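Raw contents of work-v9.cif, mmCIF, N, CA and C atoms:
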data_entry
loop_
_atom_site.group_PDB
_atom_site.id
_atom_site.type_symbol
_atom_site.label_atom_id
_atom_site.label_comp_id
_atom_site.auth_asym_id
_atom_site.auth_seq_id
_atom_site.Cartn_x
_atom_site.Cartn_y
_atom_site.Cartn_z
ATOM 1 N N MET A 213 57.290 -28.007 32.652
ATOM 2 C CA MET A 213 58.086 -27.847 33.850
ATOM 3 C C MET A 213 59.044 -26.675 33.663
ATOM 4 N N GLN A 214 59.067 -25.794 34.638
ATOM 5 C CA GLN A 214 59.925 -24.627 34.541
ATOM 6 C C GLN A 214 61.294 -24.926 35.129
ATOM 7 N N ASN A 215 62.281 -24.369 34.506
ATOM 8 C CA ASN A 215 63.649 -24.488 34.983
ATOM 9 C C ASN A 215 63.957 -23.248 35.812
ATOM 10 N N GLN A 216 64.173 -23.431 37.109
ATOM 11 C CA GLN A 216 64.450 -22.291 37.990
ATOM 12 C C GLN A 216 65.949 -22.123 38.145
ATOM 13 N N GLN A 217 66.434 -21.044 37.595
ATOM 14 C CA GLN A 217 67.854 -20.728 37.711
ATOM 15 C C GLN A 217 67.991 -19.399 38.434
ATOM 16 N N SER A 218 69.036 -19.283 39.207
ATOM 17 C CA SER A 218 69.264 -18.017 39.892
ATOM 18 C C SER A 218 69.782 -16.987 38.903
ATOM 19 N N ASN A 219 69.386 -15.764 39.104
ATOM 20 C CA ASN A 219 69.790 -14.678 38.237
ATOM 21 C C ASN A 219 70.853 -13.866 38.970
ATOM 22 N N PRO A 220 72.126 -13.984 38.567
ATOM 23 C CA PRO A 220 73.192 -13.269 39.283
ATOM 24 C C PRO A 220 73.033 -11.753 39.237
ATOM 25 N N ALA A 221 72.462 -11.220 38.166
ATOM 26 C CA ALA A 221 72.280 -9.774 38.081
ATOM 27 C C ALA A 221 71.276 -9.313 39.126
ATOM 28 N N ARG A 222 70.238 -10.088 39.352
ATOM 29 C CA ARG A 222 69.239 -9.727 40.360
ATOM 30 C C ARG A 222 69.831 -9.818 41.765
ATOM 31 N N SER A 223 70.621 -10.843 42.039
ATOM 32 C CA SER A 223 71.258 -10.990 43.347
ATOM 33 C C SER A 223 72.213 -9.838 43.622
ATOM 34 N N ALA A 224 72.929 -9.396 42.609
ATOM 35 C CA ALA A 224 73.877 -8.297 42.777
ATOM 36 C C ALA A 224 73.149 -6.996 43.086
ATOM 37 N N GLN A 225 71.932 -6.847 42.573
ATOM 38 C CA GLN A 225 71.183 -5.626 42.827
ATOM 39 C C GLN A 225 70.620 -5.598 44.244
ATOM 40 N N THR A 226 70.268 -6.725 44.818
ATOM 41 C CA THR A 226 69.675 -6.736 46.146
ATOM 42 C C THR A 226 70.719 -6.721 47.254
ATOM 43 N N ARG A 227 71.920 -7.089 46.995
ATOM 44 C CA ARG A 227 72.953 -7.140 48.023
ATOM 45 C C ARG A 227 73.296 -5.779 48.613
ATOM 46 N N PRO A 228 73.510 -4.722 47.819
ATOM 47 C CA PRO A 228 73.794 -3.415 48.432
ATOM 48 C C PRO A 228 72.641 -2.919 49.305
ATOM 49 N N THR A 229 71.423 -3.242 48.932
ATOM 50 C CA THR A 229 70.283 -2.852 49.743
ATOM 51 C C THR A 229 70.330 -3.550 51.093
ATOM 52 N N ALA A 230 70.705 -4.823 51.109
ATOM 53 C CA ALA A 230 70.808 -5.565 52.363
ATOM 54 C C ALA A 230 71.910 -4.992 53.247
ATOM 55 N N ILE A 231 73.023 -4.625 52.652
ATOM 56 C CA ILE A 231 74.134 -4.060 53.421
ATOM 57 C C ILE A 231 73.733 -2.705 54.006
ATOM 58 N N SER A 232 73.079 -1.866 53.211
ATOM 59 C CA SER A 232 72.675 -0.561 53.737
ATOM 60 C C SER A 232 71.612 -0.721 54.822
ATOM 61 N N SER A 233 70.757 -1.737 54.706
ATOM 62 C CA SER A 233 69.766 -2.005 55.742
ATOM 63 C C SER A 233 70.456 -2.419 57.036
ATOM 64 N N GLU A 234 71.489 -3.230 56.951
ATOM 65 C CA GLU A 234 72.242 -3.639 58.138
ATOM 66 C C GLU A 234 72.921 -2.446 58.795
ATOM 67 N N ILE A 235 73.450 -1.544 57.997
ATOM 68 C CA ILE A 235 74.115 -0.359 58.535
ATOM 69 C C ILE A 235 73.118 0.519 59.272
ATOM 70 N N VAL A 236 71.930 0.695 58.697
ATOM 71 C CA VAL A 236 70.897 1.499 59.354
ATOM 72 C C VAL A 236 70.470 0.848 60.663
ATOM 73 N N GLN A 237 70.325 -0.464 60.666
ATOM 74 C CA GLN A 237 69.935 -1.163 61.884
ATOM 75 C C GLN A 237 71.012 -1.059 62.960
ATOM 76 N N LEU A 238 72.262 -1.215 62.586
ATOM 77 C CA LEU A 238 73.355 -1.089 63.553
ATOM 78 C C LEU A 238 73.449 0.328 64.110
ATOM 79 N N ALA A 239 73.280 1.322 63.256
ATOM 80 C CA ALA A 239 73.323 2.707 63.720
ATOM 81 C C ALA A 239 72.165 2.989 64.676
ATOM 82 N N GLY A 240 70.997 2.472 64.360
ATOM 83 C CA GLY A 240 69.845 2.651 65.239
ATOM 84 C C GLY A 240 70.057 1.997 66.594
ATOM 85 N N ALA A 241 70.598 0.795 66.585
ATOM 86 C CA ALA A 241 70.866 0.097 67.839
ATOM 87 C C ALA A 241 71.917 0.835 68.670
ATOM 88 N N ALA A 242 72.928 1.387 68.007
ATOM 89 C CA ALA A 242 73.960 2.142 68.719
ATOM 90 C C ALA A 242 73.381 3.414 69.337
ATOM 91 N N LEU A 243 72.498 4.086 68.613
ATOM 92 C CA LEU A 243 71.882 5.296 69.157
ATOM 93 C C LEU A 243 70.982 4.982 70.344
ATOM 94 N N ILE A 244 70.210 3.923 70.249
ATOM 95 C CA ILE A 244 69.353 3.532 71.373
ATOM 96 C C ILE A 244 70.208 3.149 72.571
ATOM 97 N N GLY A 245 71.276 2.394 72.335
ATOM 98 C CA GLY A 245 72.169 1.999 73.425
ATOM 99 C C GLY A 245 72.831 3.190 74.088
ATOM 100 N N ALA A 246 73.285 4.138 73.283
ATOM 101 C CA ALA A 246 73.920 5.340 73.848
ATOM 102 C C ALA A 246 72.917 6.146 74.655
ATOM 103 N N PHE A 247 71.680 6.228 74.172
ATOM 104 C CA PHE A 247 70.648 6.949 74.923
ATOM 105 C C PHE A 247 70.379 6.276 76.261
ATOM 106 N N VAL A 248 70.297 4.952 76.256
ATOM 107 C CA VAL A 248 70.012 4.236 77.502
ATOM 108 C C VAL A 248 71.157 4.416 78.495
ATOM 109 N N VAL A 249 72.376 4.279 78.028
ATOM 110 C CA VAL A 249 73.521 4.366 78.937
ATOM 111 C C VAL A 249 73.748 5.793 79.426
ATOM 112 N N TYR A 250 73.718 6.765 78.516
ATOM 113 C CA TYR A 250 74.053 8.130 78.898
ATOM 114 C C TYR A 250 72.823 8.997 79.185
ATOM 115 N N GLY A 251 71.849 8.975 78.307
ATOM 116 C CA GLY A 251 70.668 9.820 78.488
ATOM 117 C C GLY A 251 69.870 9.465 79.718
ATOM 118 N N VAL A 252 69.600 8.194 79.906
ATOM 119 C CA VAL A 252 68.835 7.757 81.067
ATOM 120 C C VAL A 252 69.723 7.724 82.308
ATOM 121 N N GLY A 253 70.963 7.342 82.147
ATOM 122 C CA GLY A 253 71.868 7.246 83.293
ATOM 123 C C GLY A 253 72.154 8.577 83.953
ATOM 124 N N PHE A 254 72.154 9.648 83.176
ATOM 125 C CA PHE A 254 72.412 10.983 83.728
ATOM 126 C C PHE A 254 71.125 11.788 83.899
ATOM 127 N N SER A 255 70.001 11.113 83.909
ATOM 128 C CA SER A 255 68.707 11.781 84.056
ATOM 129 C C SER A 255 68.586 12.406 85.442
ATOM 130 N N HIS A 256 67.913 13.538 85.529
ATOM 131 C CA HIS A 256 67.703 14.205 86.806
ATOM 132 C C HIS A 256 66.481 13.660 87.528
ATOM 133 N N LEU A 257 65.674 12.847 86.845
ATOM 134 C CA LEU A 257 64.523 12.225 87.491
ATOM 135 C C LEU A 257 65.024 11.005 88.258
ATOM 136 N N MET A 258 64.894 11.021 89.552
ATOM 137 C CA MET A 258 65.470 9.969 90.389
ATOM 138 C C MET A 258 64.941 8.561 90.076
ATOM 139 N N PRO A 259 63.641 8.349 89.846
ATOM 140 C CA PRO A 259 63.203 6.982 89.527
ATOM 141 C C PRO A 259 63.826 6.450 88.234
ATOM 142 N N VAL A 260 63.964 7.332 87.244
ATOM 143 C CA VAL A 260 64.576 6.918 85.973
ATOM 144 C C VAL A 260 66.052 6.630 86.183
ATOM 145 N N HIS A 261 66.740 7.519 86.886
ATOM 146 C CA HIS A 261 68.166 7.325 87.146
ATOM 147 C C HIS A 261 68.415 6.050 87.955
ATOM 148 N N ASN A 262 67.608 5.829 88.986
ATOM 149 C CA ASN A 262 67.800 4.644 89.822
ATOM 150 C C ASN A 262 67.544 3.358 89.055
ATOM 151 N N ALA A 263 66.564 3.364 88.165
ATOM 152 C CA ALA A 263 66.300 2.176 87.348
ATOM 153 C C ALA A 263 67.487 1.891 86.435
ATOM 154 N N ALA A 264 68.034 2.928 85.812
ATOM 155 C CA ALA A 264 69.205 2.741 84.957
ATOM 156 C C ALA A 264 70.408 2.303 85.779
ATOM 157 N N HIS A 265 70.563 2.892 86.966
ATOM 158 C CA HIS A 265 71.672 2.563 87.846
ATOM 159 C C HIS A 265 71.640 1.093 88.255
ATOM 160 N N ASP A 266 70.465 0.614 88.657
ATOM 161 C CA ASP A 266 70.322 -0.787 89.060
ATOM 162 C C ASP A 266 70.544 -1.721 87.879
ATOM 163 N N THR A 267 70.069 -1.320 86.700
ATOM 164 C CA THR A 267 70.263 -2.146 85.504
ATOM 165 C C THR A 267 71.735 -2.235 85.146
ATOM 166 N N ARG A 268 72.453 -1.132 85.251
ATOM 167 C CA ARG A 268 73.892 -1.168 84.948
ATOM 168 C C ARG A 268 74.624 -2.056 85.933
ATOM 169 N N HIS A 269 74.270 -1.994 87.203
ATOM 170 C CA HIS A 269 74.921 -2.866 88.182
ATOM 171 C C HIS A 269 74.617 -4.336 87.899
ATOM 172 N N SER A 270 73.381 -4.647 87.515
ATOM 173 C CA SER A 270 73.031 -6.056 87.253
ATOM 174 C C SER A 270 73.754 -6.585 86.017
ATOM 175 N N ALA A 271 74.136 -5.688 85.106
ATOM 176 C CA ALA A 271 74.869 -6.095 83.909
ATOM 177 C C ALA A 271 76.380 -5.943 84.085
ATOM 178 N N THR A 272 76.832 -5.699 85.304
ATOM 179 C CA THR A 272 78.243 -5.482 85.668
ATOM 180 C C THR A 272 78.879 -4.351 84.856
ATOM 181 N N PHE A 273 78.086 -3.335 84.542
ATOM 182 C CA PHE A 273 78.587 -2.159 83.841
ATOM 183 C C PHE A 273 79.017 -1.129 84.877
ATOM 184 N N PRO A 274 80.266 -0.693 84.856
ATOM 185 C CA PRO A 274 80.704 0.273 85.868
ATOM 186 C C PRO A 274 80.029 1.629 85.675
ATOM 187 N N CYS A 275 79.532 2.183 86.755
ATOM 188 C CA CYS A 275 78.837 3.458 86.628
ATOM 189 C C CYS A 275 79.353 4.492 87.624
ATOM 190 N N HIS A 276 80.199 4.115 88.554
ATOM 191 C CA HIS A 276 80.809 5.102 89.448
ATOM 192 C C HIS A 276 82.089 4.554 90.016
#

As structure tokens:
Amino acid sequence: MQNQQSNPARSAQTRPTAISSEIVQLAGAALIGAFVVYGVGFSHLMPVHNAAHDTRHSATFPCH
């Protein structure tokens, strides 16, 4: 029968990787959100602009 013990050195090595992964994910989400709000919202293509405009109104986001 094997005795399974946690290895604190191994846990310490994986934690910074998890934190950096979270930072990358948050930065990616922020960039996508900024693109949707500003890039699509100020688009010169009327169907794209109107879709973003209606979505902002449905989410009670002020746009004008």

(request) Enter the distance from CA of Glu234 (chain A) to atom C of Val252 (chain A), in Å, rounded to one decimal. (result)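 It comes out at 26.8 Å.
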
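The space between atom N of Pro274 (chain A) and atom N of Leu238 (chain A) spans 23.7 Å.
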
(request) Report the distance between atom C of Ala263 (chain A) and atom N of Gly251 (chain A) in Å, rounded to one decimal place. (result)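 These atoms are spaced 11.6 Å apart.
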
Can you turn the PyMOL selection byres (((chain A and resi 248 and name CA) around 12) and name CA) into a concrete residue list for this file, as an mmCIF file with N, CA and C atoms, in the coordinates of the input?
data_model
loop_
_atom_site.group_PDB
_atom_site.id
_atom_site.type_symbol
_atom_site.label_atom_id
_atom_site.label_comp_id
_atom_site.auth_asym_id
_atom_site.auth_seq_id
_atom_site.Cartn_x
_atom_site.Cartn_y
_atom_site.Cartn_z
ATOM 1 N N ALA A 241 70.598 0.795 66.585
ATOM 2 C CA ALA A 241 70.866 0.097 67.839
ATOM 3 C C ALA A 241 71.917 0.835 68.670
ATOM 4 N N ALA A 242 72.928 1.387 68.007
ATOM 5 C CA ALA A 242 73.960 2.142 68.719
ATOM 6 C C ALA A 242 73.381 3.414 69.337
ATOM 7 N N LEU A 243 72.498 4.086 68.613
ATOM 8 C CA LEU A 243 71.882 5.296 69.157
ATOM 9 C C LEU A 243 70.982 4.982 70.344
ATOM 10 N N ILE A 244 70.210 3.923 70.249
ATOM 11 C CA ILE A 244 69.353 3.532 71.373
ATOM 12 C C ILE A 244 70.208 3.149 72.571
ATOM 13 N N GLY A 245 71.276 2.394 72.335
ATOM 14 C CA GLY A 245 72.169 1.999 73.425
ATOM 15 C C GLY A 245 72.831 3.190 74.088
ATOM 16 N N ALA A 246 73.285 4.138 73.283
ATOM 17 C CA ALA A 246 73.920 5.340 73.848
ATOM 18 C C ALA A 246 72.917 6.146 74.655
ATOM 19 N N PHE A 247 71.680 6.228 74.172
ATOM 20 C CA PHE A 247 70.648 6.949 74.923
ATOM 21 C C PHE A 247 70.379 6.276 76.261
ATOM 22 N N VAL A 249 72.376 4.279 78.028
ATOM 23 C CA VAL A 249 73.521 4.366 78.937
ATOM 24 C C VAL A 249 73.748 5.793 79.426
ATOM 25 N N TYR A 250 73.718 6.765 78.516
ATOM 26 C CA TYR A 250 74.053 8.130 78.898
ATOM 27 C C TYR A 250 72.823 8.997 79.185
ATOM 28 N N GLY A 251 71.849 8.975 78.307
ATOM 29 C CA GLY A 251 70.668 9.820 78.488
ATOM 30 C C GLY A 251 69.870 9.465 79.718
ATOM 31 N N VAL A 252 69.600 8.194 79.906
ATOM 32 C CA VAL A 252 68.835 7.757 81.067
ATOM 33 C C VAL A 252 69.723 7.724 82.308
ATOM 34 N N GLY A 253 70.963 7.342 82.147
ATOM 35 C CA GLY A 253 71.868 7.246 83.293
ATOM 36 C C GLY A 253 72.154 8.577 83.953
ATOM 37 N N PHE A 254 72.154 9.648 83.176
ATOM 38 C CA PHE A 254 72.412 10.983 83.728
ATOM 39 C C PHE A 254 71.125 11.788 83.899
ATOM 40 N N SER A 255 70.001 11.113 83.909
ATOM 41 C CA SER A 255 68.707 11.781 84.056
ATOM 42 C C SER A 255 68.586 12.406 85.442
ATOM 43 N N VAL A 260 63.964 7.332 87.244
ATOM 44 C CA VAL A 260 64.576 6.918 85.973
ATOM 45 C C VAL A 260 66.052 6.630 86.183
ATOM 46 N N HIS A 261 66.740 7.519 86.886
ATOM 47 C CA HIS A 261 68.166 7.325 87.146
ATOM 48 C C HIS A 261 68.415 6.050 87.955
ATOM 49 N N ALA A 263 66.564 3.364 88.165
ATOM 50 C CA ALA A 263 66.300 2.176 87.348
ATOM 51 C C ALA A 263 67.487 1.891 86.435
ATOM 52 N N ALA A 264 68.034 2.928 85.812
ATOM 53 C CA ALA A 264 69.205 2.741 84.957
ATOM 54 C C ALA A 264 70.408 2.303 85.779
ATOM 55 N N HIS A 265 70.563 2.892 86.966
ATOM 56 C CA HIS A 265 71.672 2.563 87.846
ATOM 57 C C HIS A 265 71.640 1.093 88.255
ATOM 58 N N THR A 267 70.069 -1.320 86.700
ATOM 59 C CA THR A 267 70.263 -2.146 85.504
ATOM 60 C C THR A 267 71.735 -2.235 85.146
ATOM 61 N N ARG A 268 72.453 -1.132 85.251
ATOM 62 C CA ARG A 268 73.892 -1.168 84.948
ATOM 63 C C ARG A 268 74.624 -2.056 85.933
#

Using the file's own x, y and z axes, what box holds all listed atoms of region 257-274 of chain A with 4 Å on each side, keeping edges along x, y and z, and what are its centre and edge lengths in Å to one decimal, as lines of an AutoDock Vina configuration file?
center_x = 72.0
center_y = 3.1
center_z = 87.1
size_x = 25.5
size_y = 27.4
size_z = 14.5
